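Here is structure_4.txt, consisting of compact mmCIF, C-alpha atoms and all ligand atoms:
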# COMPACT_ATOMS: atom_id res chain seq x y z
CA MET A 227 90.60 -5.31 46.60
CA GLY A 228 87.56 -7.51 46.31
CA LYS A 229 85.24 -9.55 44.21
CA PHE A 230 81.77 -8.95 42.82
CA PRO A 231 78.96 -11.23 44.06
CA ASN A 232 78.58 -14.48 42.11
CA ASN A 233 75.33 -13.43 40.46
CA PHE A 234 76.73 -10.04 39.37
CA MET A 235 76.54 -9.55 35.58
CA ILE A 236 79.70 -8.47 33.77
CA GLY A 237 80.03 -8.27 30.02
CA ALA A 238 79.74 -5.96 27.05
CA ALA A 239 77.14 -4.23 24.90
CA THR A 240 76.44 -3.64 21.21
CA ALA A 241 73.61 -2.15 19.14
CA ALA A 242 72.24 -3.83 16.02
CA HIS A 243 72.83 -1.04 13.50
CA GLN A 244 76.38 -0.49 14.69
CA VAL A 245 77.54 -4.09 14.30
CA GLU A 246 75.22 -6.29 12.25
CA GLY A 247 75.62 -4.80 8.77
CA ASN A 248 73.18 -4.20 5.91
CA ASN A 249 70.36 -2.71 7.93
CA ILE A 250 68.85 -1.64 4.64
CA ASN A 251 65.27 -0.95 5.74
CA SER A 252 66.28 1.45 8.51
CA ASP A 253 66.14 5.23 8.65
CA PHE A 254 69.90 5.38 9.33
CA TRP A 255 70.71 3.46 6.16
CA ALA A 256 68.70 6.09 4.26
CA MET A 257 70.38 8.98 6.12
CA GLU A 258 73.83 7.53 5.46
CA HIS A 259 73.26 7.17 1.72
CA VAL A 260 71.61 10.45 0.61
CA PRO A 261 73.73 13.09 -1.15
CA TYR A 262 75.02 15.69 1.38
CA SER A 263 74.84 13.01 4.08
CA MET A 264 76.08 14.20 7.47
CA TYR A 265 77.52 10.72 8.03
CA LYS A 266 81.24 10.33 7.53
CA GLU A 267 80.68 7.02 5.78
CA PRO A 268 77.85 4.49 5.42
CA SER A 269 77.59 1.51 7.77
CA LEU A 270 77.49 -1.09 4.90
CA ASP A 271 78.54 -4.54 6.22
CA ALA A 272 79.43 -3.04 9.61
CA VAL A 273 81.37 -5.79 11.39
CA ASP A 274 79.11 -8.53 10.07
CA HIS A 275 77.96 -9.47 13.55
CA TYR A 276 74.73 -10.67 11.93
CA HIS A 277 76.62 -13.69 10.62
CA ARG A 278 79.40 -13.85 13.20
CA PHE A 279 77.48 -13.44 16.45
CA LYS A 280 78.49 -16.89 17.69
CA GLU A 281 82.18 -16.16 17.33
CA ASP A 282 81.76 -12.79 19.05
CA ILE A 283 79.68 -13.99 22.00
CA GLN A 284 81.96 -16.99 22.42
CA LEU A 285 85.00 -14.68 22.68
CA LEU A 286 83.20 -12.73 25.41
CA LYS A 287 82.40 -15.93 27.27
CA ASP A 288 85.88 -17.43 26.84
CA ALA A 289 87.42 -14.32 28.35
CA GLY A 290 85.39 -14.95 31.52
CA CYS A 291 82.38 -12.62 31.07
CA ASN A 292 78.80 -13.74 31.71
CA THR A 293 76.53 -11.10 30.11
CA TYR A 294 75.80 -9.74 26.65
CA ARG A 295 73.63 -6.70 25.95
CA PHE A 296 72.45 -6.35 22.35
CA SER A 297 69.53 -4.85 20.48
CA VAL A 298 66.83 -6.32 18.28
CA GLU A 299 66.47 -4.29 15.09
CA TRP A 300 62.91 -3.06 14.51
CA ALA A 301 63.67 -2.37 10.82
CA ARG A 302 64.48 -6.06 10.32
CA ILE A 303 61.51 -7.36 12.29
CA GLU A 304 58.99 -5.02 10.59
CA PRO A 305 60.59 -3.84 7.34
CA LYS A 306 57.21 -2.70 6.01
CA LYS A 307 54.47 -1.35 8.20
CA GLY A 308 52.45 -4.25 9.65
CA GLU A 309 54.56 -6.95 7.96
CA PHE A 310 56.42 -8.89 10.60
CA ASN A 311 59.30 -11.03 9.44
CA GLN A 312 59.54 -14.58 10.85
CA LYS A 313 62.97 -15.16 9.37
CA GLU A 314 64.43 -12.23 11.32
CA ILE A 315 62.72 -13.34 14.53
CA GLN A 316 64.37 -16.70 13.97
CA HIS A 317 67.73 -14.93 13.75
CA TYR A 318 67.33 -13.30 17.15
CA ARG A 319 65.96 -16.57 18.55
CA GLU A 320 69.24 -18.17 17.53
CA VAL A 321 71.25 -15.37 19.17
CA LEU A 322 69.31 -15.78 22.41
CA GLU A 323 69.49 -19.57 22.36
CA PHE A 324 73.22 -19.40 21.80
CA CYS A 325 73.64 -17.09 24.81
CA HIS A 326 71.75 -19.56 27.01
CA GLU A 327 73.61 -22.53 25.59
CA ILE A 328 77.01 -21.13 26.60
CA GLY A 329 75.90 -19.56 29.89
CA VAL A 330 75.72 -15.88 28.96
CA THR A 331 72.83 -13.76 30.29
CA PRO A 332 71.22 -11.76 27.49
CA ILE A 333 70.01 -8.19 28.07
CA VAL A 334 67.86 -7.16 25.13
CA THR A 335 67.30 -3.58 23.99
CA LEU A 336 64.17 -3.17 21.88
CA HIS A 337 65.12 0.20 20.41
CA HIS A 338 68.68 1.46 20.06
CA PHE A 339 68.50 4.64 17.92
CA SER A 340 67.63 3.08 14.53
CA SER A 341 64.02 2.70 13.37
CA PRO A 342 62.31 1.35 10.27
CA LYS A 343 62.42 3.84 7.44
CA TRP A 344 58.62 3.72 7.11
CA LEU A 345 58.23 4.96 10.69
CA ILE A 346 59.92 8.26 9.81
CA SER A 347 57.65 8.65 6.76
CA GLU A 348 54.73 8.27 9.18
CA GLY A 349 55.92 11.12 11.38
CA GLY A 350 58.66 9.35 13.36
CA TRP A 351 59.38 10.23 16.97
CA GLU A 352 57.11 13.27 17.11
CA SER A 353 53.98 11.37 16.05
CA GLU A 354 51.35 10.04 18.44
CA MET A 355 50.93 6.98 16.19
CA THR A 356 54.46 5.84 17.06
CA ILE A 357 53.20 4.75 20.48
CA GLU A 358 50.86 2.24 18.81
CA TYR A 359 53.44 1.13 16.28
CA PHE A 360 56.13 0.60 18.91
CA GLY A 361 53.64 -1.33 21.05
CA LYS A 362 52.81 -3.70 18.17
CA TYR A 363 56.49 -4.32 17.46
CA CYS A 364 57.18 -5.07 21.14
CA GLN A 365 54.14 -7.33 21.33
CA PHE A 366 55.44 -9.37 18.41
CA VAL A 367 59.01 -9.67 19.69
CA ILE A 368 58.02 -10.58 23.24
CA SER A 369 55.34 -13.09 22.17
CA GLU A 370 57.93 -14.85 20.02
CA LEU A 371 61.05 -14.54 22.16
CA GLY A 372 59.97 -13.48 25.65
CA HIS A 373 60.64 -16.90 27.19
CA LEU A 374 64.34 -16.44 26.31
CA ILE A 375 64.71 -12.90 27.68
CA PRO A 376 65.41 -12.13 31.35
CA TYR A 377 66.03 -8.36 30.99
CA VAL A 378 64.59 -5.84 28.54
CA CYS A 379 65.71 -2.26 27.99
CA THR A 380 62.76 -0.77 26.12
CA ILE A 381 64.51 2.33 24.75
CA ASN A 382 68.19 3.23 24.70
CA GLU A 383 69.10 6.69 26.00
CA ALA A 384 65.56 7.97 26.09
CA ASN A 385 66.91 11.41 27.05
CA MET A 386 69.16 11.70 23.97
CA GLY A 387 66.79 13.82 21.85
CA LYS A 388 66.69 16.43 24.61
CA GLN A 389 70.49 16.46 24.89
CA ILE A 390 70.76 16.83 21.09
CA ALA A 391 68.20 19.65 21.07
CA LYS A 392 70.41 21.51 23.57
CA ILE A 393 73.56 20.94 21.53
CA SER A 394 71.98 22.10 18.28
CA LYS A 395 70.53 25.20 19.98
CA ARG A 396 74.02 26.03 21.25
CA MET A 397 75.50 25.47 17.78
CA MET A 398 72.86 27.69 16.14
CA ASN A 399 73.57 30.48 18.64
CA GLN A 400 77.30 30.19 18.07
CA SER A 401 76.91 30.28 14.31
CA LYS A 402 74.58 33.33 14.57
CA LYS A 403 77.13 35.15 16.68
CA LYS A 404 79.85 34.29 14.19
CA THR A 405 77.90 35.56 11.18
CA ASP A 406 77.79 38.97 12.90
CA SER A 407 81.55 39.09 13.25
CA PRO A 408 84.23 39.05 10.55
CA ASP A 409 85.46 35.69 11.76
CA VAL A 410 87.33 33.35 9.43
CA GLN A 411 85.08 30.56 10.60
CA VAL A 412 82.03 32.19 9.02
CA GLY A 413 82.66 30.42 5.73
CA LEU A 414 82.78 27.12 7.49
CA ASN A 415 79.57 27.72 9.36
CA VAL A 416 77.68 29.03 6.38
CA GLY A 417 78.95 26.02 4.42
CA LEU A 418 77.69 23.73 7.15
CA GLU A 419 74.28 25.40 7.23
CA ASP A 420 73.94 25.03 3.45
CA LYS A 421 74.96 21.42 3.66
CA MET A 422 72.41 20.79 6.42
CA LYS A 423 69.70 22.43 4.34
CA ASN A 424 70.51 20.31 1.30
CA TYR A 425 70.76 17.23 3.48
CA TYR A 426 67.30 17.80 4.88
CA LEU A 427 65.88 18.47 1.41
CA GLU A 428 67.24 15.08 0.31
CA LEU A 429 65.87 13.41 3.42
CA GLY A 430 62.45 14.91 2.75
CA GLN A 431 62.50 13.21 -0.65
CA VAL A 432 63.76 9.88 0.61
CA PHE A 433 61.14 9.71 3.35
CA GLY A 434 58.46 11.28 1.14
CA ILE A 435 57.60 14.02 3.64
CA ASP A 436 58.28 17.68 4.29
CA PRO A 437 61.96 18.07 5.30
CA SER A 438 60.93 19.85 8.49
CA ASN A 439 59.02 16.75 9.59
CA VAL A 440 61.93 14.31 9.42
CA GLN A 441 62.15 13.06 13.00
CA SER A 442 64.54 10.20 13.56
CA PHE A 443 65.31 9.17 17.13
CA LEU A 444 68.38 11.42 17.25
CA SER A 445 66.67 14.53 15.85
CA PRO A 446 66.35 17.44 18.29
CA ARG A 447 63.19 16.65 20.22
CA THR A 448 60.30 18.88 21.29
CA GLU A 449 58.52 18.53 24.61
CA ASN A 450 55.80 16.64 22.83
CA GLY A 451 58.42 14.26 21.44
CA GLU A 452 59.71 13.72 24.97
CA ARG A 453 56.23 12.74 26.11
CA ILE A 454 55.81 10.38 23.17
CA ILE A 455 59.06 8.56 23.93
CA MET A 456 58.05 8.00 27.52
CA LYS A 457 54.57 6.86 26.46
CA CYS A 458 56.28 4.35 24.15
CA HIS A 459 58.21 3.10 27.15
CA GLU A 460 55.08 2.76 29.29
CA LYS A 461 53.25 1.01 26.48
CA ALA A 462 56.11 -1.45 25.95
CA ARG A 463 56.37 -2.15 29.68
CA SER A 464 52.67 -2.91 30.05
CA ILE A 465 52.69 -5.20 26.98
CA ILE A 466 55.76 -7.07 28.20
CA LYS A 467 54.28 -7.51 31.67
CA GLN A 468 51.01 -8.82 30.20
CA ILE A 469 52.80 -11.42 28.12
CA LYS A 470 55.60 -12.40 30.55
CA PRO A 471 55.45 -10.76 33.95
CA GLU A 472 58.78 -12.22 35.05
CA ILE A 473 60.79 -10.25 32.47
CA GLN A 474 62.64 -7.43 34.22
CA VAL A 475 61.90 -4.19 32.37
CA GLY A 476 63.88 -0.95 32.36
CA ILE A 477 64.91 1.98 30.21
CA THR A 478 68.37 3.54 29.76
CA PHE A 479 69.55 7.14 30.13
CA SER A 480 72.72 8.92 29.09
CA LEU A 481 73.98 10.42 32.35
CA TYR A 482 76.96 12.71 32.81
CA ASP A 483 78.66 13.23 36.13
CA HIS A 484 77.73 16.92 36.59
CA GLN A 485 80.19 18.75 38.83
CA ALA A 486 80.02 22.36 40.05
CA LEU A 487 82.75 24.93 40.41
CA PRO A 488 81.80 27.74 42.79
CA GLY A 489 78.83 29.48 41.19
CA GLY A 490 77.93 26.52 38.95
CA GLU A 491 75.61 24.78 41.42
CA GLU A 492 72.39 25.91 39.76
CA PHE A 493 73.55 24.65 36.37
CA VAL A 494 74.31 21.26 37.90
CA LYS A 495 70.87 21.07 39.47
CA ARG A 496 69.21 22.02 36.21
CA GLU A 497 71.14 19.48 34.14
CA GLN A 498 70.50 16.71 36.65
CA TYR A 499 66.83 17.53 36.52
CA GLU A 500 66.71 17.62 32.72
CA ASP A 501 68.81 14.47 32.22
CA PHE A 502 67.15 12.30 34.82
CA LEU A 503 64.81 13.60 37.52
CA ASP A 504 62.31 14.83 34.94
CA TYR A 505 61.71 11.23 33.83
CA LEU A 506 61.11 9.66 37.25
CA PRO A 507 57.30 9.69 37.08
CA PHE A 508 57.39 7.54 33.94
CA ILE A 509 59.72 4.87 35.31
CA ASP A 510 58.23 4.38 38.74
CA ASP A 511 56.91 0.92 37.81
CA ASP A 512 60.12 -0.23 36.11
CA ASP A 513 62.12 -3.13 37.55
CA PHE A 514 65.59 -1.70 36.95
CA LEU A 515 67.32 1.37 35.58
CA GLY A 516 69.97 1.37 32.84
CA VAL A 517 72.74 3.87 33.51
CA GLN A 518 75.02 4.93 30.64
CA ASN A 519 77.98 7.09 31.51
CA TYR A 520 81.12 8.12 29.67
CA SER A 521 82.53 11.23 31.31
CA ARG A 522 81.85 14.31 33.43
CA LYS A 523 80.73 17.88 32.75
CA ILE A 524 82.02 20.75 34.84
CA HIS A 525 79.80 23.80 35.36
CA GLY A 526 80.99 27.25 36.34
CA PRO A 527 79.02 30.46 36.93
CA ASP A 528 78.51 30.86 33.14
CA GLY A 529 77.71 27.26 32.32
CA VAL A 530 79.82 24.38 31.01
CA VAL A 531 83.58 24.81 31.39
CA PRO A 532 85.84 22.89 28.96
CA PRO A 533 88.28 20.37 30.51
CA ASP A 534 91.48 22.12 31.62
CA GLU A 535 94.45 22.05 29.27
CA HIS A 536 96.19 19.24 31.15
CA ALA A 537 93.17 16.96 31.17
CA LYS A 538 93.54 13.71 29.29
CA LEU A 539 91.01 13.44 26.45
CA THR A 540 89.60 10.32 24.80
CA LYS A 541 89.57 9.86 21.05
CA MET A 542 86.00 11.25 21.09
CA GLY A 543 87.35 14.53 22.45
CA TYR A 544 85.78 14.36 25.88
CA GLU A 545 87.60 13.97 29.14
CA TYR A 546 89.06 10.63 30.23
CA TYR A 547 87.45 10.39 33.64
CA PRO A 548 86.53 6.87 34.79
CA GLU A 549 85.60 8.16 38.26
CA ALA A 550 82.46 9.63 36.68
CA LEU A 551 80.63 6.30 36.85
CA GLY A 552 80.83 5.91 40.64
CA ASN A 553 79.69 9.51 41.06
CA VAL A 554 76.71 9.02 38.77
CA LEU A 555 75.69 5.85 40.64
CA ASN A 556 75.85 7.81 43.83
CA PHE A 557 73.64 10.59 42.44
CA VAL A 558 71.12 8.22 40.87
CA SER A 559 70.79 6.17 44.05
CA GLN A 560 69.55 9.23 45.92
CA HIS A 561 66.43 9.12 43.73
CA TRP A 562 66.14 5.48 42.69
CA GLU A 563 66.11 2.50 45.05
CA LYS A 564 65.51 -0.42 42.71
CA PRO A 565 68.25 -2.37 40.87
CA ILE A 566 70.61 -0.54 38.51
CA ILE A 567 72.47 -2.00 35.55
CA VAL A 568 75.35 -0.04 34.07
CA THR A 569 74.25 -0.68 30.50
CA GLU A 570 77.09 1.38 28.94
CA ASN A 571 80.43 2.75 30.05
CA GLY A 572 83.64 2.88 28.09
CA LEU A 573 85.99 4.89 25.94
CA SER A 574 87.36 5.22 22.45
CA THR A 575 91.14 4.92 22.40
CA ASP A 576 93.88 3.36 20.28
CA ASN A 577 95.83 2.63 23.43
CA ASP A 578 94.39 -0.51 25.00
CA GLU A 579 96.40 -0.03 28.19
CA GLU A 580 94.39 3.13 28.70
CA ARG A 581 91.20 1.10 28.27
CA VAL A 582 92.41 -1.47 30.82
CA GLU A 583 93.04 1.30 33.35
CA PHE A 584 89.68 2.90 32.59
CA ILE A 585 87.81 -0.38 33.11
CA LYS A 586 89.60 -1.08 36.39
CA GLN A 587 88.90 2.41 37.72
CA ALA A 588 85.29 2.45 36.59
CA LEU A 589 84.62 -1.01 38.05
CA LYS A 590 86.19 0.06 41.33
CA GLY A 591 83.59 2.82 41.41
CA VAL A 592 80.89 0.21 40.86
CA TYR A 593 82.35 -2.05 43.55
CA LEU A 594 82.48 0.75 46.11
CA SER A 595 78.89 1.71 45.26
CA LEU A 596 77.85 -1.87 45.93
CA LYS A 597 79.68 -1.80 49.27
CA LYS A 598 77.73 1.34 50.16
CA GLY A 599 74.52 -0.58 49.53
CA ILE A 600 73.64 0.80 46.08
CA PRO A 601 71.84 -2.07 44.31
CA VAL A 602 73.96 -2.34 41.15
CA ILE A 603 73.41 -5.75 39.57
CA GLY A 604 75.47 -5.56 36.39
CA TYR A 605 77.94 -3.76 34.13
CA THR A 606 78.20 -4.05 30.35
CA TYR A 607 81.18 -2.25 28.82
CA TRP A 608 80.59 -0.28 25.59
CA SER A 609 81.46 -1.94 23.34
CA LEU A 610 82.20 -5.59 22.62
CA LEU A 611 83.57 -4.72 19.16
CA ASP A 612 85.07 -1.72 17.42
CA ASN A 613 82.04 -0.61 15.41
CA PHE A 614 80.08 2.01 13.48
CA GLU A 615 80.01 5.12 15.66
CA TRP A 616 77.04 6.81 13.92
CA GLN A 617 78.01 10.11 12.25
CA LEU A 618 81.67 9.48 13.01
CA GLY A 619 81.80 6.19 11.12
CA TYR A 620 84.46 3.56 11.77
CA ASP A 621 87.33 5.70 13.10
CA GLN A 622 86.28 5.42 16.72
CA THR A 623 87.55 2.42 18.64
CA PHE A 624 85.49 1.65 21.74
CA GLY A 625 85.82 -2.13 21.38
CA LEU A 626 87.25 -4.93 23.49
CA ILE A 627 87.74 -6.67 20.17
CA ALA A 628 89.31 -5.02 17.11
CA VAL A 629 87.98 -5.95 13.70
CA ASP A 630 89.81 -5.90 10.39
CA ARG A 631 86.86 -4.97 8.18
CA THR A 632 88.52 -6.09 4.97
CA THR A 633 88.44 -9.70 6.14
CA GLN A 634 86.15 -9.28 9.18
CA THR A 635 88.82 -10.98 11.29
CA ARG A 636 88.46 -10.48 15.06
CA HIS A 637 91.43 -9.48 17.23
CA PRO A 638 90.55 -9.61 20.94
CA LYS A 639 92.35 -6.95 22.98
CA GLU A 640 93.96 -7.35 26.40
CA SER A 641 91.10 -5.32 27.88
CA LEU A 642 88.67 -8.15 27.06
CA SER A 643 90.71 -10.59 29.17
CA VAL A 644 90.99 -8.04 31.96
CA LEU A 645 87.22 -7.57 32.09
CA GLY A 646 86.66 -11.33 32.18
CA GLU A 647 89.37 -11.77 34.80
CA ILE A 648 87.70 -9.20 37.06
CA ASN A 649 84.46 -11.13 36.69
CA ILE A 650 86.08 -14.39 37.71
CA ASN A 651 88.65 -13.35 40.31
CA GLY A 652 87.86 -9.75 41.23
CA PHE A 653 90.52 -7.07 41.57
C1 LIG B 701 75.24 6.08 22.88
C2 LIG B 701 74.90 4.81 22.26
C3 LIG B 701 76.03 4.09 21.59
C4 LIG B 701 77.28 4.87 21.26
C5 LIG B 701 78.19 5.01 22.46
C6 LIG B 701 79.52 5.66 22.15
O1 LIG B 701 75.42 6.08 24.07
O2 LIG B 701 75.33 7.09 22.19
O3 LIG B 701 74.24 3.99 23.12
O4 LIG B 701 75.36 3.66 20.46
O5 LIG B 701 77.96 4.24 20.24
O6 LIG B 701 77.58 5.78 23.43
O7 LIG B 701 79.39 6.99 21.80
What do you get writing this file as structure tokens?
Amino acid sequence: MGKFPNNFMIGAATAAHQVEGNNINSDFWAMEHVPYSMYKEPSLDAVDHYHRFKEDIQLLKDAGCNTYRFSVEWARIEPKKGEFNQKEIQHYREVLEFCHEIGVTPIVTLHHFSSPKWLISEGGWESEMTIEYFGKYCQFVISELGHLIPYVCTINEANMGKQIAKISKRMMNQSKKKTDSPDVQVGLNVGLEDKMKNYYLELGQVFGIDPSNVQSFLSPRTENGERIIMKCHEKARSIIKQIKPEIQVGITFSLYDHQALPGGEEFVKREQYEDFLDYLPFIDDDDFLGVQNYSRKIHGPDGVVPPDEHAKLTKMGYEYYPEALGNVLNFVSQHWEKPIIVTENGLSTDNDEERVEFIKQALKGVYLSLKKGIPVIGYTYWSLLDNFEWQLGYDQTFGLIAVDRTTQTRHPKESLSVLGEININGF
């Protein structure tokens, strides 16, 4: 069919907490370990990428890919407020130097969901002070490592807190409705509510604050929290540009392909506004936009319609729909003219042939977008490795490389070779 331009970036993405292991000074480590934890299991050693990054990045390169997106872990760099750790900076310096040495372009995310535990004790992602704190962390990282970094994503999925707020509102409403009816599920819901309450009580103790003030990055966010996140982004961008103006700076958003059935058009418009258009004023001065897409959402006259009974689902439970990516690029390009990097796209499946098909389809969407003149400059598949999928633990398998966690042995999948092959020879 065709080939991507020579300077097009193709590779895979990870996030520090999900792969490195032993992120002991982070809020997630605390949330995973309290009694009544909502996490299926703790991250522990994860896939030991902290010690095995060379092997992992080399596998990506050997397959034919040229780009690696990863995150620097704030909780490692600043484990205690104001105490910046040179040893950890040295670690990320080595990761970056290794990328350059073997000809892989690094894309660095400064914040990918996890934060230092102390930040949450200070009010977390609803506190004005976080703007200053985040700025200082970025200043330190970029002063030390900026000369090795061509692309920075300041914040991963900046719109996530809003999406989570919507989901938890929907869940609360459903559980209220159920308590009114003699439904067998009532027990389950009441049990869940009790568990949540106990969980938050424990978190309050661990963070030393009132349970209602525990605001990690994935907590439901208020409008004020939304503003704070975007101020953090603006702060980071201006600091980066002061230190190293040539670094290309962007942010990433989680973007569904919203589709309307007759009567669902208004819902689509609203979701597109809330997910993306709402943020445009804050990213006007960015150099690129990070698009993260996994599936579509269909809206009917009463709101979201579940996938039809014949639809193929991924292991995460949402629809297998690789065409979503091309559609999202199309939508985004109507409002954004600067470069776009697909910073995440992928699926969890135990059937790697399915992953191969998904990657081919999704990349065709990217290729056709490019042909239409949409300035996409890169694609990093989520994820390089099977890893810690937050609350769902290690059962999910998004990776191009499987990992036997008892020995930490890597088993590259066919999909890794296919991705590299597309980079080298096209379709
Ligand atoms: C996200 C994060 C990743 C996830 C991935 C799969 O998009 O939620 O960036 O950390 O692991 O999306 O769910």
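Put simply, CA of Gln498 in chain A is 16.2 Å away from CA of Pro527 in chain A.
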Measuring atom to atom with only C-alpha atoms, identify which of A:Ala241, A:Val440, A:Val558, A:Ile250 is nearest to Tyr499 in chain A.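 With only C-alpha atoms as the atom set, the closest residue is A:Val558.
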Using the file's own x, y and z axes, so that the box edges lie along x, y and z, what centre and edge lengths in Å (one decimal) does a box around every listed atom of ligand LIG 701 (chain B) get when 4 Å is added on each side? Give it as JSON.
{"center_x": 76.9, "center_y": 5.4, "center_z": 22.2, "size_x": 13.3, "size_y": 11.4, "size_z": 11.8}
Report as a ChimeraX atom specification all protein, DNA and RNA residues lying within 6 Å of Gln587 in chain A, evaluated on all atoms listed in the file, omitting residues in the same chain fewer than 3 positions from it. /A:548,584,590
CA of Val568 in chain A to CA of Gly604 in chain A, distance in Å rounded to a single decimal: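 Those two atoms sit 6.0 Å apart.
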Would you name the residues within 9 Å of ligand LIG 701 (chain B), counting only C-alpha atoms and all ligand atoms, and put them as number ranges by chain? A: 239-241, 243-244, 338-339, 382-383, 386, 478-480, 518-520, 542, 569-574, 608-609, 613-616, 622, 624
Export C-alpha atoms of the chosen residues as an mmCIF file, in the coordinates of the input?
data_model
loop_
_atom_site.group_PDB
_atom_site.id
_atom_site.type_symbol
_atom_site.label_atom_id
_atom_site.label_comp_id
_atom_site.auth_asym_id
_atom_site.auth_seq_id
_atom_site.Cartn_x
_atom_site.Cartn_y
_atom_site.Cartn_z
ATOM 1 C CA ALA A 239 77.140 -4.230 24.900
ATOM 2 C CA THR A 240 76.440 -3.640 21.210
ATOM 3 C CA ALA A 241 73.610 -2.150 19.140
ATOM 4 C CA HIS A 243 72.830 -1.040 13.500
ATOM 5 C CA GLN A 244 76.380 -0.490 14.690
ATOM 6 C CA HIS A 338 68.680 1.460 20.060
ATOM 7 C CA PHE A 339 68.500 4.640 17.920
ATOM 8 C CA ASN A 382 68.190 3.230 24.700
ATOM 9 C CA GLU A 383 69.100 6.690 26.000
ATOM 10 C CA MET A 386 69.160 11.700 23.970
ATOM 11 C CA THR A 478 68.370 3.540 29.760
ATOM 12 C CA PHE A 479 69.550 7.140 30.130
ATOM 13 C CA SER A 480 72.720 8.920 29.090
ATOM 14 C CA GLN A 518 75.020 4.930 30.640
ATOM 15 C CA ASN A 519 77.980 7.090 31.510
ATOM 16 C CA TYR A 520 81.120 8.120 29.670
ATOM 17 C CA MET A 542 86.000 11.250 21.090
ATOM 18 C CA THR A 569 74.250 -0.680 30.500
ATOM 19 C CA GLU A 570 77.090 1.380 28.940
ATOM 20 C CA ASN A 571 80.430 2.750 30.050
ATOM 21 C CA GLY A 572 83.640 2.880 28.090
ATOM 22 C CA LEU A 573 85.990 4.890 25.940
ATOM 23 C CA SER A 574 87.360 5.220 22.450
ATOM 24 C CA TRP A 608 80.590 -0.280 25.590
ATOM 25 C CA SER A 609 81.460 -1.940 23.340
ATOM 26 C CA ASN A 613 82.040 -0.610 15.410
ATOM 27 C CA PHE A 614 80.080 2.010 13.480
ATOM 28 C CA GLU A 615 80.010 5.120 15.660
ATOM 29 C CA TRP A 616 77.040 6.810 13.920
ATOM 30 C CA GLN A 622 86.280 5.420 16.720
ATOM 31 C CA PHE A 624 85.490 1.650 21.740
#
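CA of Ala391 in chain A is found 26.4 Å from CA of Val245 in chain A.
Considering only C-alpha atoms, the residue among A:Tyr425, A:Phe493, A:Phe279, A:Trp344 positioned nearest to Val531 in chain A is A:Phe493.
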Have a look at A:Cys291, A:Ala384, A:Ile435, A:Val530 and name the one nearest to Ile328 in chain A; count all atoms listed in the file.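 Under the stated criterion, the closest residue is A:Cys291.
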Can you tell me which residues surround Lys421 in chain A at a distance of at most 10 Å, considering all atoms listed in the file, apart from same-chain residues fewer than 6 positions away, and format the answer as an MDAnalysis selection string? chainID A and resid 261:264 415 427
Any chance you could export the current selection's C-alpha atoms as a PDB file, keeping the file's coordinate frame?
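Below you can see part.pdb, which holds the result:
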ATOM      1  CA  PRO A 261      73.730  13.090  -1.150  1.00  0.00           C
ATOM      2  CA  TYR A 262      75.020  15.690   1.380  1.00  0.00           C
ATOM      3  CA  SER A 263      74.840  13.010   4.080  1.00  0.00           C
ATOM      4  CA  MET A 264      76.080  14.200   7.470  1.00  0.00           C
ATOM      5  CA  ASN A 415      79.570  27.720   9.360  1.00  0.00           C
ATOM      6  CA  LEU A 427      65.880  18.470   1.410  1.00  0.00           C
TER       7      LEU A 427
END
Residues within 12 Å of Leu539 in chain A, all atoms listed in the file, excluding chain neighbours under 2 positions, as a VMD selection string: chain A and resid 520 to 522 532 to 537 541 to 548 573 to 575 580
Can you list, as a ChimeraX atom specification, every protein, DNA or RNA residue that comes within 6 Å of Gly387 in chain A when you count only C-alpha atoms, leaving out same-chain residues fewer than 2 positions away? /A:385,389-390,444,446-447
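Residue nearest Lys586 in chain A, chosen from A:Phe557, A:Phe324, A:Phe653, A:Tyr620 and counting all atoms listed in the file: A:Phe653.
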Quick one: of A:Leu555, A:Ile650, A:Leu618, A:Val367, who's nearest to Phe310 in chain A, counting all atoms listed in the file? A:Val367
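Ranking A:Glu647, A:Phe366, A:Leu611, A:Gly430 by their shortest atom-to-atom distance to Thr635 in chain A, with only C-alpha atoms included, puts A:Leu611 first.
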Need the shell around Lys467 in chain A: protein/DNA/RNA residues with any atom at most 12 Å away, counting all atoms listed in the file. Skip same-chain ones fewer than 2 positions apart. Format as a list of chain:residue names?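 Counting only the stated atoms, we get A:Cys364, A:Gln365, A:Ile368, A:Ser369, A:Gly372, A:Tyr377, A:Val378, A:Glu460, A:Lys461, A:Ala462, A:Arg463, A:Ser464, A:Ile465, A:Ile469, A:Lys470, A:Pro471, A:Glu472, A:Ile473, A:Gln474, A:Val475, A:Gly476, A:Asp511, A:Asp512, A:Asp513.
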Atoms added to range 342-346 of chain A (N, CA and C atoms), reported as an mmCIF file, in the frame of the given file:
data_model
loop_
_atom_site.group_PDB
_atom_site.id
_atom_site.type_symbol
_atom_site.label_atom_id
_atom_site.label_comp_id
_atom_site.auth_asym_id
_atom_site.auth_seq_id
_atom_site.Cartn_x
_atom_site.Cartn_y
_atom_site.Cartn_z
ATOM 1 N N PRO A 342 62.615 1.638 11.682
ATOM 2 C CA PRO A 342 62.310 1.350 10.270
ATOM 3 C C PRO A 342 62.128 2.659 9.509
ATOM 4 N N LYS A 343 62.548 2.650 8.262
ATOM 5 C CA LYS A 343 62.420 3.840 7.440
ATOM 6 C C LYS A 343 60.953 4.313 7.353
ATOM 7 N N TRP A 344 60.028 3.343 7.251
ATOM 8 C CA TRP A 344 58.620 3.720 7.110
ATOM 9 C C TRP A 344 58.117 4.528 8.312
ATOM 10 N N LEU A 345 58.702 4.262 9.486
ATOM 11 C CA LEU A 345 58.230 4.960 10.690
ATOM 12 C C LEU A 345 58.467 6.473 10.558
ATOM 13 N N ILE A 346 59.593 6.835 9.953
ATOM 14 C CA ILE A 346 59.920 8.260 9.810
ATOM 15 C C ILE A 346 58.952 8.897 8.794
#
